[in-house]
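Structure file work37.txt (compact mmCIF, C-alpha atoms) is printed below.
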# COMPACT_ATOMS: atom_id res chain seq x y z
CA MET A 1 38.70 134.49 34.88
CA ASN A 2 40.05 131.86 37.12
CA ARG A 3 39.60 128.25 35.95
CA PRO A 4 38.52 125.69 38.48
CA GLU A 5 40.92 123.05 39.63
CA ASP A 6 40.52 119.50 38.29
CA ARG A 7 39.46 116.53 40.43
CA ASP A 8 42.95 115.77 41.64
CA GLY A 9 43.62 119.33 42.69
CA ASP A 10 45.82 120.16 39.62
CA THR A 11 45.77 123.75 38.41
CA GLU A 12 45.63 124.90 34.80
CA GLU A 13 49.43 125.18 34.66
CA GLN A 14 49.82 121.62 35.91
CA ALA A 15 47.26 120.37 33.34
CA VAL A 16 49.21 122.01 30.48
CA ASN A 17 52.40 120.38 31.71
CA HIS A 18 50.63 117.01 31.37
CA GLY A 19 50.46 117.53 27.60
CA LEU A 20 46.67 117.15 27.51
CA PRO A 21 44.09 119.88 26.60
CA HIS A 22 41.93 121.23 29.36
CA TRP A 23 38.46 119.82 29.52
CA THR A 24 36.93 123.25 28.80
CA GLU A 25 38.77 123.63 25.46
CA PRO A 26 37.09 122.50 22.18
CA GLY A 27 38.05 119.08 20.81
CA THR A 28 40.72 118.77 18.09
CA GLY A 29 39.30 115.60 16.44
CA GLN A 30 42.61 113.74 16.85
CA THR A 31 42.95 110.27 18.34
CA PRO A 32 44.69 110.47 21.71
CA THR A 33 48.03 108.69 21.85
CA VAL A 34 50.54 108.06 24.57
CA SER A 35 54.14 108.80 23.70
CA ASN A 36 57.07 107.21 25.44
CA GLN A 37 59.62 109.69 24.22
CA GLY A 38 61.70 111.09 26.97
CA SER A 39 59.93 109.04 29.61
CA ALA A 40 62.02 106.98 31.96
CA LYS A 41 61.28 103.28 32.19
CA SER A 42 59.45 102.26 35.27
CA GLU A 43 61.59 100.47 37.81
CA THR A 44 58.74 98.06 38.41
CA TRP A 45 58.63 96.92 34.77
CA SER A 46 62.38 96.93 34.40
CA THR A 47 62.70 94.18 36.99
CA LEU A 48 60.78 91.84 34.70
CA SER A 49 62.63 90.15 31.84
CA ASP A 50 59.56 90.18 29.63
CA GLY A 51 58.11 93.60 30.59
CA PRO A 52 55.81 95.65 28.36
CA GLN A 53 57.07 96.89 25.00
CA TRP A 54 55.68 99.88 23.18
CA ALA A 55 54.36 99.53 19.66
CA ASP A 56 56.94 101.94 18.21
CA ASP A 57 59.91 100.28 19.90
CA PRO A 58 61.97 98.14 17.50
CA VAL A 59 62.32 94.57 18.66
CA SER A 60 65.61 92.88 17.92
CA ALA A 61 65.95 89.18 17.25
CA GLU A 62 67.79 88.76 20.54
CA ASP A 63 64.88 90.28 22.47
CA GLU A 64 62.27 88.02 20.88
CA GLN A 65 60.89 85.65 23.42
CA VAL A 66 60.86 82.01 22.33
CA PRO A 67 57.53 80.43 23.27
CA LYS A 68 58.05 78.14 26.20
CA ALA A 69 56.78 74.58 26.11
CA PRO A 70 54.05 73.80 28.63
CA PRO A 71 55.42 72.33 31.84
CA ARG A 72 55.59 68.54 31.88
CA VAL A 73 53.27 66.83 34.31
CA ASP A 74 54.61 63.53 35.58
CA LEU A 75 51.98 61.16 36.89
CA THR A 76 53.18 58.87 39.64
CA ILE A 77 51.66 55.84 41.29
CA GLY A 78 51.10 56.47 44.96
CA ASP A 79 52.98 59.09 46.96
CA GLU A 80 56.57 60.19 46.67
CA VAL A 81 56.94 58.96 50.23
CA LYS A 82 55.12 55.70 50.79
CA THR A 83 52.65 55.68 53.62
CA GLU A 84 53.04 52.73 55.92
CA ASP A 85 49.79 50.99 56.71
CA PHE A 86 49.10 48.06 59.00
CA PHE A 87 50.40 45.43 56.60
CA SER A 88 52.91 47.27 54.44
CA TYR A 89 56.34 45.92 53.65
CA GLU A 90 59.68 47.30 54.70
CA LYS A 91 61.44 48.98 51.82
CA PRO A 92 63.53 46.18 50.32
CA ALA A 93 66.63 46.33 48.21
CA ASP A 94 65.96 47.47 44.67
CA LEU A 95 65.61 44.34 42.57
CA ALA A 96 64.50 46.14 39.43
CA GLU A 97 66.54 45.28 36.39
CA THR A 98 66.87 47.14 33.16
CA THR A 99 65.49 45.78 29.95
CA GLU A 100 69.00 45.09 28.68
CA SER A 101 69.88 42.99 31.71
CA ILE A 102 66.70 40.95 31.33
CA ILE A 103 67.50 40.27 27.68
CA SER A 104 71.05 39.31 28.61
CA GLU A 105 69.71 36.95 31.25
CA GLY A 106 67.50 35.34 28.62
CA LYS A 107 70.47 34.79 26.33
CA ARG A 108 72.51 33.26 29.16
CA SER A 109 69.58 30.99 30.03
CA ARG A 110 69.41 29.67 26.48
CA ARG A 111 73.16 29.01 26.48
CA SER A 112 73.04 26.98 29.68
CA GLY A 113 73.02 23.27 28.96
CA MET A 114 70.40 20.75 29.98
CA GLY A 115 72.87 19.18 32.38
CA SER A 116 73.71 22.44 34.10
CA LYS A 117 73.40 23.00 37.82
CA GLU A 118 70.42 25.30 37.29
CA THR A 119 68.56 22.63 35.32
CA LEU A 120 69.26 19.96 37.92
CA THR A 121 68.03 22.31 40.65
CA ARG A 122 64.80 22.92 38.72
CA ILE A 123 64.23 19.19 38.34
CA ALA A 124 64.86 18.51 42.03
CA THR A 125 62.50 21.30 43.12
CA GLY A 126 59.82 20.09 40.71
CA LEU A 127 60.03 16.55 42.08
CA VAL A 128 59.68 17.82 45.65
CA LEU A 129 56.59 19.85 44.72
CA ALA A 130 55.06 16.88 42.89
CA GLY A 131 55.68 14.69 45.93
CA MET A 132 53.95 17.20 48.21
CA VAL A 133 50.88 17.33 45.97
CA ILE A 134 50.62 13.54 45.67
CA LEU A 135 51.02 13.14 49.43
CA CYS A 136 48.26 15.68 50.17
CA LEU A 137 45.95 14.03 47.64
CA ALA A 138 46.57 10.67 49.30
CA ILE A 139 45.81 12.02 52.78
CA SER A 140 42.52 13.86 52.23
CA LYS A 141 40.73 16.49 50.22
CA LEU A 142 40.86 18.98 53.10
CA VAL A 143 44.65 18.72 53.38
CA THR A 144 44.90 19.34 49.64
CA VAL A 145 42.68 22.42 49.93
CA VAL A 146 44.87 23.78 52.74
CA LEU A 147 47.94 23.26 50.55
CA ILE A 148 46.23 25.13 47.71
CA ALA A 149 45.31 28.03 50.02
CA VAL A 150 48.88 28.27 51.34
CA MET A 151 50.37 28.24 47.84
CA LEU A 152 47.97 30.93 46.66
CA GLY A 153 48.74 33.02 49.74
CA VAL A 154 52.47 32.86 49.00
CA ALA A 155 51.91 33.66 45.31
CA ALA A 156 49.72 36.66 46.20
CA THR A 157 52.35 37.88 48.66
CA GLU A 158 54.99 37.75 45.92
CA LEU A 159 52.81 39.70 43.51
CA PHE A 160 51.80 42.42 45.98
CA GLN A 161 55.35 42.76 47.22
CA SER A 162 56.59 43.20 43.64
CA LEU A 163 53.94 45.86 43.01
CA PHE A 164 54.93 47.65 46.21
CA LYS A 165 58.59 47.78 45.20
CA VAL A 166 57.84 49.87 42.12
CA GLY A 167 55.49 52.34 43.82
CA TRP A 168 52.02 50.75 43.87
CA GLN A 169 50.31 50.67 47.26
CA PRO A 170 47.31 48.34 47.06
CA PRO A 171 45.59 47.25 50.29
CA THR A 172 47.94 44.30 50.75
CA LEU A 173 46.18 42.85 53.76
CA VAL A 174 42.83 42.84 51.92
CA GLY A 175 44.38 41.14 48.91
CA LEU A 176 46.09 38.41 50.93
CA VAL A 177 43.00 37.61 52.97
CA ALA A 178 40.86 37.44 49.82
CA SER A 179 43.35 35.23 47.96
CA VAL A 180 43.57 32.76 50.84
CA CYS A 181 39.87 32.78 51.71
CA MET A 182 38.69 32.25 48.14
CA PRO A 183 39.73 28.56 47.85
CA LEU A 184 38.53 27.92 51.40
CA ALA A 185 35.16 29.50 50.58
CA ALA A 186 34.93 27.39 47.41
CA TYR A 187 35.53 24.27 49.50
CA TRP A 188 32.92 25.39 52.03
CA ARG A 189 30.13 26.57 49.72
CA GLY A 190 31.16 25.72 46.17
CA GLU A 191 31.42 27.88 43.07
CA GLY A 192 29.00 30.57 44.26
CA ALA A 193 31.23 31.47 47.22
CA ILE A 194 33.91 32.78 44.87
CA GLY A 195 31.62 35.57 43.70
CA LEU A 196 30.83 36.43 47.32
CA VAL A 197 34.52 36.80 48.14
CA LEU A 198 35.01 39.04 45.09
CA PHE A 199 32.15 41.27 46.21
CA LEU A 200 33.50 41.50 49.76
CA THR A 201 36.94 42.34 48.36
CA VAL A 202 35.60 45.27 46.35
CA LEU A 203 33.52 46.43 49.32
CA THR A 204 36.43 46.23 51.76
CA GLY A 205 38.80 47.90 49.30
CA ALA A 206 36.42 50.83 48.87
CA LEU A 207 36.05 51.23 52.64
CA TRP A 208 39.84 51.02 52.98
CA TYR A 209 40.16 54.33 51.15
CA LEU A 210 36.89 55.92 52.27
CA LEU A 211 38.06 55.60 55.87
CA GLY A 212 41.45 57.07 55.00
CA ILE A 213 43.46 53.93 55.77
CA GLY A 214 45.00 53.56 52.34
CA GLY A 215 45.99 57.15 51.68
CA PRO A 216 45.62 58.85 48.28
CA ARG A 217 45.34 57.41 44.74
CA PRO A 218 42.55 54.86 45.30
CA VAL A 219 41.88 54.18 41.60
CA PRO A 220 45.23 52.67 40.54
CA ASN A 221 45.78 50.93 43.86
CA LEU A 222 42.31 49.35 43.94
CA SER A 223 42.98 48.20 40.38
CA ALA A 224 46.23 46.59 41.55
CA LEU A 225 44.30 44.93 44.38
CA MET A 226 41.78 43.36 42.00
CA LEU A 227 44.55 42.29 39.64
CA GLY A 228 46.18 40.29 42.40
CA VAL A 229 42.95 38.79 43.77
CA VAL A 230 41.55 37.79 40.38
CA TYR A 231 44.86 36.65 38.87
CA VAL A 232 45.95 34.56 41.85
CA GLY A 233 42.92 33.91 44.05
CA PHE A 234 40.13 33.56 41.50
CA LEU A 235 42.05 31.52 38.93
CA GLY A 236 43.72 29.36 41.57
CA SER A 237 40.43 28.58 43.30
CA HIS A 238 39.40 26.48 40.33
CA ALA A 239 41.69 23.80 41.74
CA VAL A 240 39.23 23.38 44.61
CA LEU A 241 36.30 23.34 42.18
CA LEU A 242 37.97 20.49 40.31
CA LEU A 243 38.29 18.57 43.58
CA ASP A 244 34.52 18.84 44.10
CA ASP A 245 33.95 16.52 41.13
CA PRO A 246 33.35 12.83 41.96
CA LYS A 247 36.67 12.14 40.23
CA GLY A 248 38.13 15.40 41.40
CA LYS A 249 41.52 14.10 42.46
CA GLY A 250 42.09 12.73 38.97
CA LEU A 251 40.98 16.00 37.36
CA PHE A 252 43.24 18.04 39.61
CA LEU A 253 46.15 15.73 38.83
CA ALA A 254 45.31 15.92 35.10
CA ALA A 255 45.47 19.73 35.20
CA ILE A 256 48.85 19.62 36.94
CA LEU A 257 50.21 17.09 34.41
CA LEU A 258 49.01 19.16 31.45
CA ALA A 259 50.59 22.35 32.82
CA ALA A 260 53.78 20.49 33.69
CA GLY A 261 53.84 18.95 30.21
CA TYR A 262 53.85 22.37 28.60
CA ASP A 263 56.46 23.78 31.00
CA ILE A 264 58.80 20.78 30.75
CA GLY A 265 58.44 20.36 26.99
CA GLY A 266 58.90 24.06 26.36
CA TYR A 267 61.91 24.30 28.68
CA PHE A 268 63.91 21.35 27.37
CA ILE A 269 63.08 21.84 23.70
CA GLY A 270 63.86 25.52 24.07
CA GLN A 271 67.20 24.69 25.73
CA ALA A 272 68.16 22.20 23.05
CA LEU A 273 66.80 23.78 19.86
CA GLY A 274 65.71 27.31 20.75
CA ARG A 275 67.04 29.89 18.31
CA SER A 276 64.13 32.15 17.36
CA PRO A 277 62.91 34.60 20.07
CA LEU A 278 59.17 34.38 20.62
CA THR A 279 58.27 37.75 22.11
CA GLU A 280 59.88 40.75 23.79
CA ALA A 281 57.71 40.11 26.85
CA SER A 282 59.95 37.14 27.68
CA PRO A 283 63.36 37.22 25.97
CA ASN A 284 64.26 33.64 26.99
CA LYS A 285 61.16 32.15 25.32
CA THR A 286 61.61 30.81 21.79
CA ILE A 287 59.32 29.66 19.00
CA GLU A 288 60.94 26.23 19.15
CA GLY A 289 60.19 26.04 22.86
CA LEU A 290 56.57 27.01 22.22
CA LEU A 291 56.17 24.26 19.64
CA GLY A 292 57.85 21.76 21.95
CA GLY A 293 55.55 22.68 24.81
CA THR A 294 52.49 22.45 22.56
CA VAL A 295 53.39 18.96 21.33
CA ALA A 296 54.16 17.84 24.88
CA THR A 297 50.80 19.13 26.16
CA VAL A 298 48.83 17.33 23.47
CA GLY A 299 50.88 14.22 24.20
CA VAL A 300 49.99 14.43 27.90
CA GLY A 301 46.32 14.72 26.92
CA VAL A 302 46.60 11.46 24.97
CA LEU A 303 48.38 9.75 27.88
CA LEU A 304 45.57 10.77 30.23
CA SER A 305 43.26 8.51 28.26
CA VAL A 306 45.79 5.73 27.75
CA PHE A 307 46.51 5.44 31.47
CA ASN A 308 42.91 6.14 32.57
CA VAL A 309 43.76 9.21 34.62
CA GLY A 310 40.73 10.67 36.38
CA PRO A 311 37.55 10.60 34.31
CA PHE A 312 39.45 10.00 31.07
CA ASP A 313 38.91 6.24 31.24
CA GLY A 314 35.86 6.17 29.02
CA GLU A 315 33.50 7.00 31.89
CA PRO A 316 32.40 9.62 31.06
CA PHE A 317 35.30 10.82 28.84
CA GLY A 318 37.24 8.84 26.30
CA PHE A 319 40.21 9.27 23.99
CA SER A 320 38.65 12.01 21.85
CA ASN A 321 37.78 14.11 24.90
CA ALA A 322 41.27 13.76 26.32
CA LEU A 323 42.80 14.73 22.97
CA LEU A 324 40.51 17.75 22.68
CA LEU A 325 41.38 18.83 26.21
CA GLY A 326 45.09 18.52 25.41
CA ILE A 327 44.70 20.70 22.30
CA VAL A 328 42.75 23.43 24.14
CA VAL A 329 45.20 23.48 27.04
CA ALA A 330 48.09 23.67 24.56
CA VAL A 331 46.56 26.94 23.28
CA ILE A 332 45.83 28.42 26.73
CA ALA A 333 48.99 27.37 28.58
CA PRO A 334 51.44 29.65 26.72
CA ILE A 335 49.12 32.61 27.37
CA GLY A 336 49.35 31.97 31.09
CA ASP A 337 53.12 31.62 30.85
CA LEU A 338 53.54 34.84 28.89
CA ALA A 339 51.02 36.78 30.98
CA GLU A 340 53.25 36.57 34.04
CA SER A 341 56.28 37.39 31.90
CA LEU A 342 54.43 40.48 30.71
CA ILE A 343 53.80 41.60 34.29
CA LYS A 344 57.43 41.03 35.27
CA ARG A 345 58.59 42.87 32.17
CA ASP A 346 56.44 45.86 33.11
CA LEU A 347 57.74 45.80 36.68
CA LYS A 348 61.34 45.24 35.44
CA ILE A 349 62.00 42.26 37.68
CA LYS A 350 63.39 38.83 36.85
CA ASP A 351 61.45 36.68 39.33
CA MET A 352 58.48 37.24 41.59
CA GLY A 353 60.20 35.49 44.49
CA THR A 354 63.03 33.22 45.57
CA VAL A 355 61.37 30.53 47.70
CA LEU A 356 61.69 27.79 45.05
CA PRO A 357 65.31 27.13 44.02
CA GLY A 358 65.69 27.08 40.26
CA HIS A 359 62.16 28.36 39.67
CA GLY A 360 62.06 31.72 41.44
CA GLY A 361 58.83 32.17 43.35
CA VAL A 362 55.62 30.18 43.68
CA LEU A 363 53.93 32.45 41.16
CA ASP A 364 56.78 31.87 38.70
CA ARG A 365 56.19 28.13 39.01
CA CYS A 366 52.39 28.23 38.90
CA ASP A 367 51.84 30.88 36.19
CA THR A 368 50.84 28.30 33.57
CA LEU A 369 48.81 26.25 36.04
CA LEU A 370 46.70 29.29 37.01
CA PHE A 371 45.34 29.39 33.45
CA VAL A 372 45.15 25.61 32.99
CA LEU A 373 42.97 25.00 36.06
CA PRO A 374 39.97 27.05 34.80
CA THR A 375 40.48 25.62 31.30
CA VAL A 376 40.17 22.03 32.55
CA PHE A 377 37.24 22.91 34.82
CA TYR A 378 35.15 24.55 32.08
CA MET A 379 36.15 22.04 29.40
CA VAL A 380 34.90 19.21 31.65
CA LYS A 381 31.64 21.11 32.10
CA ILE A 382 31.26 21.56 28.35
CA MET A 383 32.17 17.97 27.47
CA GLY A 384 30.00 16.58 30.26

Show me the file's structure as structure tokens.
Amino acid sequence: MNRPEDRDGDTEEQAVNHGLPHWTEPGTGQTPTVSNQGSAKSETWSTLSDGPQWADDPVSAEDEQVPKAPPRVDLTIGDEVKTEDFFSYEKPADLAETTESIISEGKRSRRSGMGSKETLTRIATGLVLAGMVILCLAISKLVTVVLIAVMLGVAATELFQSLFKVGWQPPTLVGLVASVCMPLAAYWRGEGAIGLVLFLTVLTGALWYLLGIGGPRPVPNLSALMLGVVYVGFLGSHAVLLLDDPKGKGLFLAAILLAAGYDIGGYFIGQALGRSPLTEASPNKTIEGLLGGTVATVGVGVLLSVFNVGPFDGEPFGFSNALLLGIVVAVIAPIGDLAESLIKRDLKIKDMGTVLPGHGGVLDRCDTLLFVLPTVFYMVKIMG
């Protein structure tokens, strides 16, 4: 009796050669197994270093595969290749410094004497800036507002440029326009205009990326945009709000004197007596300098009342109000000073700019003042 061929056309003899019983034979009750004895390894599997292994093959220690760690995913800010938009900067020389060099710079700064060339340069630059402010105050309120807007524009440029150097790509043009327009808007329509500029900044920043102008990574770069606008434009605009007071020139001058008191007291006391580092965020700051700046700020607050600066002549504020203001500013001023140091530490740069000899950039000079201006404005509101 001839047996039929299987589905693949194999005959009975070919089926026996396969080592499997024919489908017409009765079952044996055994579990089918596949043996690899005498079978040649497949060329396909042999090309793989970790090809299949049979259960009965002994595995030596050398053949054991060590589990591989998952691949590291590095998150970067912006693109590997920066996209150039309408108002982007040319790639500048790398000014980033290592942490060790920053610490070394701090140590050298503390060793420099009070009569050094650097100190004399700082004093000369400070006197020039003070003269510019006094001259603008003497001319008119509008001229002073224009000076404030220009200074904030330069400070914002320094901050955005520093962010760009390390890979951030915020909408620079949007940030500069907002930082300059905010004090002008406050002069035009008062305190409420600042909120309007903030809203328009967020709106424009969102459209910047929705329209594809700003490229990828909108979240970190929009965050960098708002950091610059709020830190420089919003805080700095309180200078214009102080000028809106009937004794605004005196209040604005009082805020400058309080900030300068902390900076000058902290600098000279730190140079003369500084031995104990204050924080890693700013290696050249010392505890002695902090205490010196605090005492100097409170002293300036007392002098505001003694010399009848601004409203601190008893109408409406007297000695106790001036003293309280000096104490509050003495607490806030070092935070403003260290906040900028924290940003520079994160960006690994020494100074935000170089336009002011002996001081670095405008933002380096005005870091304390940016926090003192809102402090004076809201303290006057509370005490009034």

Between CA of Val376 (chain A) and CA of Gly270 (chain A), what is the spacing in Å?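 That distance, rounded to one decimal, is 25.4 Å.
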
Using only C-alpha atoms, the shortest atom-to-atom distance to Leu200 (chain A) among A:Ala186, A:Val331, A:Val174, A:Leu222 belongs to A:Val174

Point to revise | Length of the CA of Thr368 (chain A) to CA of Asp337 (chain A) vector [Å] | key: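 Rounded to one decimal, the two atoms are 4.9 Å apart.
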
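CA of Pro311 (chain A) to CA of Lys247 (chain A) spans 6.2 Å [interatomic distance, one decimal].
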
In terms of all atoms listed in the file, the residue from A:Val295, A:Leu137, A:Ala239, A:Val166 at minimal distance from Leu152 (chain A) is A:Ala239

Quiz prompt | Selection: 10 Å around Ser237 (chain A), all atoms listed in the file, excl. self and same-chain fewer than 6 positions, as a VMD selection string | solution = chain A and resid 145 148 to 149 152 179 to 187 191 194 230 370 373 to 374

Would you mind listing what lies within 10 Å of Pro357 (chain A) as a JSON list (two decimals) with C-alpha atoms, keeping the file's coordinate frame, with only C-alpha atoms counted and same-chain residues fewer than 2 positions away left out?
[["chain", "number", "residue", "atom", "x", "y", "z"],
["A", 118, "GLU", "CA", 70.42, 25.30, 37.29],
["A", 121, "THR", "CA", 68.03, 22.31, 40.65],
["A", 122, "ARG", "CA", 64.80, 22.92, 38.72],
["A", 123, "ILE", "CA", 64.23, 19.19, 38.34],
["A", 124, "ALA", "CA", 64.86, 18.51, 42.03],
["A", 125, "THR", "CA", 62.50, 21.30, 43.12],
["A", 126, "GLY", "CA", 59.82, 20.09, 40.71],
["A", 353, "GLY", "CA", 60.20, 35.49, 44.49],
["A", 354, "THR", "CA", 63.03, 33.22, 45.57],
["A", 355, "VAL", "CA", 61.37, 30.53, 47.70],
["A", 359, "HIS", "CA", 62.16, 28.36, 39.67],
["A", 360, "GLY", "CA", 62.06, 31.72, 41.44],
["A", 361, "GLY", "CA", 58.83, 32.17, 43.35]]

**Asked** If I put a ball of radius 12 Å at (34.9, 12.7, 30.7) in the file's coordinates, which residues poke into it when counting only C-alpha atoms, written as an MDAnalysis selection string?
**Response** chainID A and resid 245:248 250:251 254 304:305 308:325 376:384

One residue among A:Val329, A:Ile213, A:Leu176, A:Leu242 is nearest to Val150 (chain A) when using all atoms listed in the file, and that residue is A:Leu176

Nearest to Leu198 (chain A): which of A:Gly358, A:Gly228, A:Pro218, A:Gly131 is it, counting only C-alpha atoms?
->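 For Leu198 (chain A), the nearest of the given residues is A:Gly228.
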
I'd like to know which of A:Val219, A:Val229, A:Leu211, A:Ala130 is closest to Leu173 (chain A), using all atoms listed in the file.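 Using all atoms listed in the file, the shortest distance to Leu173 (chain A) belongs to A:Val229.
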
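Between Asp364 (chain A) and the candidates A:Val146, A:Leu290, A:Leu135, A:Val232, the tightest atom-to-atom separation, counting only C-alpha atoms, involves A:Val232.
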